[in-house]
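J.: If you scroll down you'll find the structure; I have some questions about it.
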Amino acid sequence: MAAIVLDGKQIGREIEGELKVRIGNLAGNGVTPCLAVVIVGEDPASHVYVGSKERACARLGIRSIRVDIPADAGYGEVVSTVKRLNADPEINGILVQSPLPNGMDEIAITDLIDPVKDVDGFHAQNLGRLVQGDKSGLLPCTPAGVMRMLESADVDLCGKRAIVIGRSRIVGMPQSLLLAQKGVDATVTIAHSRSTDMAALCREADVIIAAVGRSNMVTSDWVKPGSVVIDVGVNRVNDNSVKGYHLTGDVHPDVGEIASAVSPVPGGVGPMTIAMLMSNTVRATEMQQ
């Protein structure tokens, strides 16, 4: 039996419907949420992502401000921009689009953002709360989106074995923390480039979350029948049979014949990440009132 496809676009629309009610309540108090996105340089993928965020803001009635900084600008200009946005009471959320040009310290810049405006959820204070089991702050968008996706599919995680492939501070590590939280109670393995026999680790898992950025790495022989597979990867692959590039995930399409549920690429985790960014922007606005 073919796997159920976890439709991130549909779940994202449901989240947006919930947010519209909260945004309406804020409007009743004379408040319009405002998201500021800082983009440094001309990375094509970054501009595509920022465009998606701007369109989501427009759909929801969130005010969107974009700050473009040239790639050859100094580190000090980025720092001063973040500090200016921190000090502006009309700005509720701040996001510095990754990647930054070589030589700029992304972690240091992230930690300059006021934690209550850190809608990416990457500030040390927000990640630190998560380590302590406190989810009341702003959560990293992609891991939070994955959890919402699993919840929407009624996946019971209590006592189940979950493997997260990838240990980045953006996805892998916070994802493992969310899965292990009290009330979720999965047993979590974090796999990475130094892990031995990753295929065997995956075959023991009830839930596989692939977030490593390697096209089609997880194949059907890695997957236990009936498991749930979430594909976070987005890889631009040059296909000689067609002109230009196409997108692949970290999970091979054949996994859909073995798993009970899979998330597609595109249309899976990507729309969920945008939806959770909008949720964080509304949450940040509510926290600041």
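Going by the structure tokens order, chains are called A, B, ..., each with residues numbered from 1, while ligands are numbered from 1 in the order shown.
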Need to verify the contact set: A:Arg148, 10 Å, only C-alpha atoms, exclusion of same-chain residues closer than 5 positions in sequence. Can you return it as a list in words?
T.: Gly8, Ile11, Gly12, Ile15, Thr142, Pro143, Ala153, Asp154, Met272 and Met276 of chain A
J.: What's the 12 Å shell around A:Gln125, counting only C-alpha atoms, without same-chain residues fewer than 3 positions away, as a ChimeraX atom specification?
T.: /A:110-118,121-122,128-132,134-140
J.: Could you tell me, as an MDAnalysis selection string, which residues of stretch 5-102 of chain A DSSP assigns to helix (DSSP H, G or I) when given the backbone?
T.: chainID A and resid 8:28 44:60 75:87
J.: Between A:Asn25, A:Ser227, A:Ser195, A:Asn238, single out the one closest to A:Leu157, counting only C-alpha atoms.
T.: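 Using only C-alpha atoms, the shortest distance to A:Leu157 belongs to A:Ser227.
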J.: Which of stretch 33-212 of chain A end up as strand (DSSP E or B) when DSSP is run on this backbone - answer as a PyMOL selection string?
T.: chain A and resi 34-40+63-69+93-96+118+161-165+187-191+207-210
J.: How about saving the chosen residues, N, CA and C atoms kept, as an mmCIF file, in the first residue's frame?
T.:
data_model
loop_
_atom_site.group_PDB
_atom_site.id
_atom_site.type_symbol
_atom_site.label_atom_id
_atom_site.label_comp_id
_atom_site.auth_asym_id
_atom_site.auth_seq_id
_atom_site.Cartn_x
_atom_site.Cartn_y
_atom_site.Cartn_z
ATOM 1 N N CYS A 34 4.367 42.992 12.584
ATOM 2 C CA CYS A 34 5.325 43.462 11.582
ATOM 3 C C CYS A 34 6.585 42.602 11.616
ATOM 4 N N LEU A 35 6.942 42.043 10.463
ATOM 5 C CA LEU A 35 8.133 41.208 10.318
ATOM 6 C C LEU A 35 9.162 41.934 9.464
ATOM 7 N N ALA A 36 10.381 42.054 9.968
ATOM 8 C CA ALA A 36 11.486 42.641 9.212
ATOM 9 C C ALA A 36 12.458 41.532 8.806
ATOM 10 N N VAL A 37 12.731 41.453 7.510
ATOM 11 C CA VAL A 37 13.668 40.456 6.986
ATOM 12 C C VAL A 37 14.896 41.178 6.454
ATOM 13 N N VAL A 38 16.062 40.790 6.953
ATOM 14 C CA VAL A 38 17.329 41.356 6.509
ATOM 15 C C VAL A 38 17.986 40.358 5.566
ATOM 16 N N ILE A 39 18.302 40.791 4.360
ATOM 17 C CA ILE A 39 18.948 39.911 3.393
ATOM 18 C C ILE A 39 20.244 40.567 2.928
ATOM 19 N N VAL A 40 21.338 39.825 3.064
ATOM 20 C CA VAL A 40 22.671 40.346 2.735
ATOM 21 C C VAL A 40 23.168 39.635 1.485
ATOM 22 N N ARG A 63 2.388 43.046 8.313
ATOM 23 C CA ARG A 63 3.236 44.037 7.651
ATOM 24 C C ARG A 63 4.636 43.461 7.465
ATOM 25 N N SER A 64 5.178 43.618 6.266
ATOM 26 C CA SER A 64 6.480 43.043 5.944
ATOM 27 C C SER A 64 7.444 44.144 5.518
ATOM 28 N N ILE A 65 8.620 44.149 6.142
ATOM 29 C CA ILE A 65 9.667 45.101 5.797
ATOM 30 C C ILE A 65 10.903 44.308 5.378
ATOM 31 N N ARG A 66 11.471 44.698 4.248
ATOM 32 C CA ARG A 66 12.667 44.018 3.743
ATOM 33 C C ARG A 66 13.824 44.995 3.741
ATOM 34 N N VAL A 67 14.940 44.567 4.314
ATOM 35 C CA VAL A 67 16.151 45.400 4.350
ATOM 36 C C VAL A 67 17.220 44.693 3.533
ATOM 37 N N ASP A 68 17.558 45.248 2.388
ATOM 38 C CA ASP A 68 18.593 44.677 1.517
ATOM 39 C C ASP A 68 19.934 45.338 1.811
ATOM 40 N N ILE A 69 20.943 44.521 2.049
ATOM 41 C CA ILE A 69 22.297 45.012 2.317
ATOM 42 C C ILE A 69 23.231 44.405 1.277
ATOM 43 N N GLY A 93 9.047 41.210 14.727
ATOM 44 C CA GLY A 93 9.884 40.056 14.435
ATOM 45 C C GLY A 93 11.036 40.432 13.526
ATOM 46 N N ILE A 94 12.203 39.833 13.777
ATOM 47 C CA ILE A 94 13.400 40.094 12.973
ATOM 48 C C ILE A 94 13.974 38.758 12.504
ATOM 49 N N LEU A 95 14.300 38.699 11.224
ATOM 50 C CA LEU A 95 14.906 37.508 10.648
ATOM 51 C C LEU A 95 16.072 37.951 9.767
ATOM 52 N N VAL A 96 17.245 37.388 9.996
ATOM 53 C CA VAL A 96 18.397 37.625 9.122
ATOM 54 C C VAL A 96 18.555 36.387 8.249
ATOM 55 N N ASP A 118 13.040 37.264 17.950
ATOM 56 C CA ASP A 118 13.802 36.244 17.226
ATOM 57 C C ASP A 118 12.847 35.202 16.640
ATOM 58 N N ARG A 161 10.569 4.876 18.624
ATOM 59 C CA ARG A 161 11.949 5.191 18.263
ATOM 60 C C ARG A 161 11.968 6.161 17.096
ATOM 61 N N ALA A 162 12.634 7.279 17.287
ATOM 62 C CA ALA A 162 12.773 8.282 16.231
ATOM 63 C C ALA A 162 14.250 8.511 15.956
ATOM 64 N N ILE A 163 14.602 8.646 14.701
ATOM 65 C CA ILE A 163 15.969 8.991 14.342
ATOM 66 C C ILE A 163 15.953 10.301 13.567
ATOM 67 N N VAL A 164 16.832 11.212 13.962
ATOM 68 C CA VAL A 164 17.016 12.481 13.264
ATOM 69 C C VAL A 164 18.376 12.422 12.583
ATOM 70 N N ILE A 165 18.366 12.521 11.259
ATOM 71 C CA ILE A 165 19.618 12.484 10.511
ATOM 72 C C ILE A 165 20.051 13.923 10.265
ATOM 73 N N THR A 187 11.855 8.134 21.923
ATOM 74 C CA THR A 187 13.236 7.756 22.193
ATOM 75 C C THR A 187 14.045 8.130 20.964
ATOM 76 N N VAL A 188 14.995 9.068 21.126
ATOM 77 C CA VAL A 188 15.582 9.745 19.967
ATOM 78 C C VAL A 188 17.045 9.353 19.764
ATOM 79 N N THR A 189 17.369 9.045 18.514
ATOM 80 C CA THR A 189 18.751 8.858 18.078
ATOM 81 C C THR A 189 19.102 9.996 17.127
ATOM 82 N N ILE A 190 20.275 10.615 17.330
ATOM 83 C CA ILE A 190 20.767 11.638 16.412
ATOM 84 C C ILE A 190 21.886 11.006 15.587
ATOM 85 N N ALA A 191 21.683 10.942 14.277
ATOM 86 C CA ALA A 191 22.696 10.377 13.377
ATOM 87 C C ALA A 191 23.358 11.498 12.590
ATOM 88 N N VAL A 207 10.045 6.452 13.301
ATOM 89 C CA VAL A 207 9.979 7.760 12.634
ATOM 90 C C VAL A 207 11.382 8.129 12.188
ATOM 91 N N ILE A 208 11.520 8.515 10.915
ATOM 92 C CA ILE A 208 12.795 8.976 10.365
ATOM 93 C C ILE A 208 12.619 10.419 9.924
ATOM 94 N N ILE A 209 13.501 11.291 10.400
ATOM 95 C CA ILE A 209 13.496 12.690 9.964
ATOM 96 C C ILE A 209 14.853 12.959 9.333
ATOM 97 N N ALA A 210 14.848 13.182 8.022
ATOM 98 C CA ALA A 210 16.082 13.346 7.263
ATOM 99 C C ALA A 210 16.329 14.825 7.009
#
J.: Within 10 Å of A:Tyr49, counting only C-alpha atoms, which residues show up once you throw out same-chain ones fewer than 4 positions away? Write them as a list in words, please.
T.: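 Everything that qualifies: Pro44, Ala45, Lys53, Glu54, Gln97, Ser98, Gly270 and Ile274 of chain A.
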J.: So which one's closest to A:Ser260, A:His246, A:Lys224, A:His123, A:Arg59? Using only C-alpha atoms, please.
T.: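 That would be A:Lys224, the residue with the smallest distance to A:Ser260.
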J.: Which one of A:Asp156, A:Asp120, A:Asp206, A:Glu16 sits closest to A:Pro174 if you count only C-alpha atoms?
T.: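 Closest to A:Pro174 of all the choices is A:Asp120.
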J.: Identify which of the residues A:Pro99, A:Pro264, A:Gly166, A:Pro271 lies closest to A:Arg194, counting only C-alpha atoms when measuring atom-to-atom distances.
T.: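 Among the listed residues, the smallest separation from A:Arg194 belongs to A:Gly166.
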J.: Find the residue from A:Ser279, A:Thr273, A:Thr248, A:Thr196 that sits nearest to A:Met217; use only C-alpha atoms when measuring.
T.: A:Thr248
J.: Please compute the atom CA of A:Leu247-atom CA of A:Met147 distance, one decimal, in Å.
T.: 23.1 Å
J.: Which one is closest to A:Ile91: A:Val31, A:Cys158, A:Val232, A:Val255? Count only C-alpha atoms.
T.: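 When distances to A:Ile91 are compared using only C-alpha atoms, the smallest one comes from A:Val31.
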